[in-house]
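Structure data follow from final-v8.cif (mmCIF, C-alpha atoms):
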data_upload
loop_
_atom_site.label_atom_id
_atom_site.label_comp_id
_atom_site.auth_asym_id
_atom_site.auth_seq_id
_atom_site.Cartn_x
_atom_site.Cartn_y
_atom_site.Cartn_z
CA ARG W 2 -43.69 118.32 41.90
CA GLU W 3 -40.18 119.70 41.85
CA VAL W 4 -38.40 120.32 45.16
CA SER W 5 -35.21 122.31 45.36
CA LEU W 6 -32.28 121.08 47.42
CA ASP W 7 -32.73 124.00 49.81
CA ALA W 8 -36.22 122.71 50.67
CA PHE W 9 -34.94 119.38 51.99
CA PRO W 10 -34.57 119.02 55.80
CA THR W 11 -31.10 119.51 57.19
CA HIS W 12 -29.18 116.78 58.95
CA ALA W 13 -30.03 118.29 62.33
CA GLN W 14 -33.74 118.46 61.46
CA LEU W 15 -33.77 114.83 60.28
CA TRP W 16 -32.00 113.72 63.46
CA ALA W 17 -34.54 115.61 65.59
CA LEU W 18 -37.40 113.91 63.69
CA PHE W 19 -35.74 110.52 64.17
CA GLN W 20 -35.44 111.07 67.93
CA GLN W 21 -39.09 112.05 68.09
CA TRP W 22 -40.13 109.02 66.05
CA LYS W 23 -38.10 106.60 68.21
CA GLY W 24 -39.19 108.18 71.48
CA LEU W 25 -35.64 109.12 72.50
CA THR W 26 -36.60 111.91 74.85
CA THR W 27 -33.63 112.05 77.25
CA SER W 28 -30.03 113.09 76.65
CA ALA W 29 -28.80 109.75 78.05
CA ALA W 30 -30.92 107.82 75.55
CA VAL W 31 -29.67 109.95 72.65
CA ALA W 32 -26.06 109.53 73.77
CA LEU W 33 -26.45 105.75 73.87
CA VAL W 34 -27.93 105.55 70.37
CA GLU W 35 -25.22 107.84 69.01
CA GLN W 36 -22.52 105.38 70.09
CA PRO W 37 -20.71 103.77 67.16
CA PHE W 38 -21.36 100.15 66.34
CA HIS W 39 -18.61 98.28 68.19
CA THR W 40 -16.72 95.50 66.43
CA ASP W 41 -13.97 93.23 67.68
CA GLY W 42 -11.55 94.09 64.92
CA ASN W 43 -11.74 90.75 63.11
CA GLY W 44 -13.07 92.40 59.94
CA LYS W 45 -16.39 90.55 60.06
CA GLU W 46 -19.28 92.82 59.21
CA PRO W 47 -22.67 92.01 60.76
CA ARG W 48 -25.49 91.15 58.38
CA TYR W 49 -28.07 93.87 57.97
CA TYR W 50 -30.71 92.07 60.06
CA GLN W 51 -28.18 91.43 62.84
CA ARG W 52 -27.35 95.13 62.92
CA VAL W 53 -31.07 95.98 62.97
CA ALA W 54 -31.71 93.52 65.82
CA ILE W 55 -28.80 94.84 67.88
CA ASN W 56 -29.67 98.50 67.30
CA ARG W 57 -33.33 97.96 68.17
CA ALA W 58 -32.38 96.20 71.40
CA ILE W 59 -30.01 99.03 72.33
CA GLU W 60 -32.71 101.62 71.51
CA ALA W 61 -35.13 99.77 73.79
CA VAL W 62 -32.57 99.79 76.62
CA ALA W 63 -31.98 103.50 76.03
CA LYS W 64 -35.71 104.19 76.45
CA GLY W 65 -35.80 102.27 79.72
CA GLN W 66 -37.65 99.25 78.36
CA GLN W 67 -37.21 96.28 80.69
CA ARG W 68 -37.88 93.46 78.22
CA VAL W 69 -36.83 93.01 74.60
CA LEU W 70 -37.82 90.01 72.48
CA LEU W 71 -35.61 89.12 69.51
CA VAL W 72 -36.90 86.33 67.26
CA MET W 73 -34.21 84.85 65.01
CA ALA W 74 -34.38 81.69 62.93
CA THR W 75 -31.78 78.93 62.63
CA GLY W 76 -28.57 79.98 60.93
CA THR W 77 -29.16 83.72 61.27
CA GLY W 78 -26.33 84.32 63.70
CA LYS W 79 -28.01 84.29 67.11
CA THR W 80 -24.72 83.71 68.94
CA TYR W 81 -23.03 86.56 67.07
CA THR W 82 -25.94 88.86 67.90
CA ILE W 83 -25.86 87.89 71.58
CA CYS W 84 -22.12 88.52 71.75
CA SER W 85 -22.54 91.92 70.09
CA LEU W 86 -25.31 92.92 72.51
CA TYR W 87 -23.20 91.73 75.44
CA LEU W 88 -20.24 93.76 74.21
CA ARG W 89 -22.29 96.94 73.76
CA LEU W 90 -23.90 96.61 77.19
CA VAL W 91 -20.45 96.31 78.77
CA ILE W 92 -18.89 99.19 76.82
CA GLU W 93 -21.79 101.62 76.40
CA GLN W 94 -23.96 100.92 79.44
CA ASP W 95 -21.07 100.12 81.80
CA PHE W 96 -22.81 96.91 82.88
CA ASP W 97 -20.92 94.43 85.03
CA VAL W 98 -20.97 90.85 83.78
CA GLN W 99 -22.99 89.89 86.86
CA GLN W 100 -25.78 92.23 85.67
CA ILE W 101 -26.22 90.54 82.28
CA LEU W 102 -28.16 87.28 82.20
CA VAL W 103 -27.65 84.95 79.23
CA VAL W 104 -29.76 81.78 79.09
CA THR W 105 -29.52 79.01 76.49
CA PHE W 106 -30.68 75.40 76.15
CA THR W 107 -27.87 72.91 76.67
CA LYS W 108 -24.67 72.73 78.72
CA ALA W 109 -22.63 72.47 75.52
CA ALA W 110 -24.24 75.64 74.15
CA THR W 111 -23.57 77.40 77.46
CA SER W 112 -19.87 76.53 77.34
CA GLU W 113 -19.60 77.62 73.71
CA LEU W 114 -21.43 80.87 74.38
CA ARG W 115 -19.22 81.69 77.36
CA GLU W 116 -16.06 81.15 75.31
CA ARG W 117 -17.42 83.14 72.35
CA ILE W 118 -18.29 86.10 74.60
CA ARG W 119 -14.89 85.92 76.29
CA ALA W 120 -13.16 85.84 72.89
CA ARG W 121 -15.10 88.92 71.71
CA LEU W 122 -14.14 90.80 74.87
CA VAL W 123 -10.47 89.84 74.47
CA SER W 124 -10.26 90.80 70.79
CA THR W 125 -12.06 94.09 71.44
CA PHE W 126 -9.72 94.84 74.34
CA ILE W 127 -6.66 94.19 72.13
CA GLN W 128 -8.10 96.41 69.39
CA ALA W 129 -8.92 99.21 71.85
CA LYS W 130 -5.46 99.02 73.42
CA ALA W 131 -3.79 99.43 70.02
CA SER W 132 -6.01 102.31 68.86
CA GLU W 133 -5.06 105.97 69.01
CA PRO W 134 -6.02 107.91 71.02
CA LEU W 135 -6.54 105.47 73.89
CA ASN W 136 -10.07 105.25 75.25
CA THR W 137 -9.25 104.73 78.94
CA SER W 138 -12.87 104.29 80.02
CA LYS W 139 -13.52 101.64 77.37
CA LEU W 140 -10.33 99.75 78.31
CA GLN W 141 -11.24 99.78 82.01
CA ARG W 142 -14.72 98.42 81.33
CA LEU W 143 -13.41 95.65 79.11
CA GLU W 144 -10.65 94.73 81.56
CA ARG W 145 -13.12 94.58 84.45
CA ALA W 146 -15.44 92.36 82.40
CA LEU W 147 -12.60 89.97 81.53
CA GLN W 148 -11.45 89.77 85.16
CA CYS W 149 -14.99 88.87 86.30
CA MET W 150 -15.86 86.58 83.38
CA ASP W 151 -15.89 83.50 85.62
CA GLU W 152 -18.79 85.13 87.50
CA ALA W 153 -20.78 85.82 84.31
CA ALA W 154 -24.43 84.78 84.54
CA ILE W 155 -24.53 82.38 81.57
CA PHE W 156 -26.78 79.40 82.31
CA THR W 157 -28.93 76.70 80.83
CA ILE W 158 -32.65 77.21 81.45
CA HIS W 159 -32.80 74.58 84.19
CA GLY W 160 -29.49 75.80 85.63
CA PHE W 161 -30.81 79.34 85.96
CA CYS W 162 -34.05 78.12 87.58
CA GLN W 163 -32.05 76.03 90.07
CA ARG W 164 -29.81 79.02 90.85
CA ALA W 165 -32.83 81.31 91.34
CA LEU W 166 -34.45 78.84 93.75
CA ALA W 167 -31.21 78.36 95.68
CA ASP W 168 -30.69 82.13 95.99
CA ARG W 169 -34.20 82.73 97.35
CA PRO W 170 -35.31 79.64 99.29
CA PHE W 171 -37.69 81.58 101.56
CA GLU W 172 -39.64 83.14 98.68
CA ALA W 173 -39.69 79.82 96.79
CA ARG W 174 -40.57 77.86 99.96
CA GLN W 175 -37.79 75.42 99.21
CA ALA W 176 -35.21 73.66 101.36
CA PHE W 177 -31.84 75.35 101.71
CA ASP W 178 -29.97 72.32 100.37
CA LEU W 179 -31.48 71.09 97.10
CA GLU W 180 -29.97 68.36 94.95
CA LEU W 181 -30.77 68.12 91.25
CA ILE W 182 -30.97 64.48 90.11
CA GLY W 183 -30.96 63.35 86.52
CA ASN W 184 -33.01 60.17 87.04
CA ASP W 185 -35.78 59.92 89.63
CA ASP W 186 -36.66 56.22 89.12
CA GLN W 187 -34.93 55.13 92.34
CA LEU W 188 -36.62 57.92 94.29
CA ILE W 189 -40.06 56.97 92.96
CA GLU W 190 -39.46 53.31 93.83
CA GLN W 191 -38.42 54.23 97.38
CA LEU W 192 -41.48 56.46 97.87
CA THR W 193 -43.77 53.72 96.53
CA GLN W 194 -42.31 51.15 98.90
CA ASP W 195 -42.62 53.57 101.86
CA TYR W 196 -46.27 54.25 100.99
CA TRP W 197 -47.26 50.59 100.83
CA ARG W 198 -45.28 49.80 103.99
CA LEU W 199 -47.22 52.48 105.91
CA PHE W 200 -50.51 51.48 104.30
CA THR W 201 -50.24 47.79 105.18
CA ALA W 202 -49.39 48.71 108.79
CA SER W 203 -52.46 50.94 109.11
CA ASP W 204 -56.08 50.05 109.96
CA GLN W 205 -57.15 50.85 106.40
CA CYS W 206 -55.54 47.70 105.03
CA THR W 207 -57.50 44.45 105.46
CA PRO W 208 -55.66 41.25 106.47
CA GLU W 209 -56.47 39.72 103.05
CA LEU W 210 -54.91 42.68 101.16
CA ALA W 211 -51.88 42.74 103.47
CA SER W 212 -51.33 39.02 102.86
CA TYR W 213 -51.65 39.51 99.10
CA LEU W 214 -49.16 42.43 99.07
CA HIS W 215 -46.60 40.49 101.08
#

Rewrite the coordinates I just gave you, this time as structure tokens.
Amino acid sequence: REVSLDAFPTHAQLWALFQQWKGLTTSAAVALVEQPFHTDGNGKEPRYYQRVAINRAIEAVAKGQQRVLLVMATGTGKTYTICSLYLRLVIEQDFDVQQILVVTFTKAATSELRERIRARLVSTFIQAKASEPLNTSKLQRLERALQCMDEAAIFTIHGFCQRALADRPFEARQAFDLELIGNDDQLIEQLTQDYWRLFTASDQCTPELASYLH
């Protein structure tokens, strides 16, 4: 079958079909997806699967989806993808750093991730400041994010859980002052000694057993 060029859909028709296919039904969602892919000016181009992962996450946010699962194997650039998502949420969604939760495994990974995100924000801010014409809104969002970076919610898994419990002690039915200990051997020994001390002083312990325990 031969199809003439005039029979092909126009750009506007293809874009309308794409919006329908992706479920982008509101003007705000369309505006978010139409945003350009932000880079930090270092000349590094994202790999195709990183771009796909980032765009799909942004599309999900645009449609009001509350949870997005990205599965990425070792060496595929998870940190780069997280930094890119963080950057786009700050610039395009006008999120404060306190509204974005980033959770990783170890304290070392947390420190590295915090510095990588800060570096991306700084380089993007420098690039935006040197560009013409100036995007005042973008500069203000980046500057606000950099000023509040020390308050960024970037935690280890156990650190986030501890923070969540400390912030809501009533709901968690926890004490107001909790202390996280790395080794509970001493605590277990103390509890064991307290138990046997109370048991030997009670009527449940026979004189023979009490003599043996002492």

I'd like to know which of W:Asp186, W:Glu3, W:Glu46, W:Asp97 is closest to Thr82 of chain W, using all atoms listed in the file.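 Residue with the minimum atom-to-atom distance to Thr82 of chain W: W:Glu46.
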
Given the PyMOL selection byres ((chain W and resi 60-63) around 12) and the file above, list the residues it selects as a ChimeraX atom specification. /W:19-20,22-36,53-59,64-71,86,89-90,93-94,96

Here atom CA of Leu102 of chain W and atom CA of Ala131 of chain W stand apart by 29.8 Å

Step by step, work through what the PyMOL selection byres ((chain W and resi 120-124) around 9) selects in the shown file, and finish by giving those residues as a list in words. Thr40, Asp41, Gly42, Asn43, Cys84, Ser85, Leu88, Arg115, Glu116, Arg117, Ile118, Arg119, Thr125, Phe126, Ile127, Gln128, Ala129, Leu143, Glu144, Ala146 and Leu147 of chain W

Students should find that atom CA of Pro47 of chain W and atom CA of Tyr81 of chain W are spaced 8.3 Å

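Going from atom CA of Asn184 of chain W over to atom CA of Gly160 of chain W, you cover 16.1 Å.
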
Any chance you could work out the axis-aligned box around segment 130-137 of chain W, listed atoms only, 4 Å on each side, giving centre and edge lengths in Å to one decimal, as lines of an AutoDock Vina configuration file?
center_x = -6.9
center_y = 103.5
center_z = 73.9
size_x = 14.3
size_y = 16.9
size_z = 18.1

Neighbour list for Val103 of chain W as a PDB file with C-alpha atoms, in the coordinates of the input, cut-off 8 Å, only C-alpha atoms, skip fewer than 5 positions in-chain:
ATOM      1  CA  ALA W 154     -24.430  84.780  84.540  1.00  0.00           C
ATOM      2  CA  ILE W 155     -24.530  82.380  81.570  1.00  0.00           C
ATOM      3  CA  PHE W 156     -26.780  79.400  82.310  1.00  0.00           C
TER       4      PHE W 156
END

Between W:Ala202, W:Glu190, W:Ala110, W:Pro134, which residue has the minimum interatomic distance to Ile158 of chain W, considering only C-alpha atoms?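 Counting only C-alpha atoms, the residue closest to Ile158 of chain W is W:Ala110.
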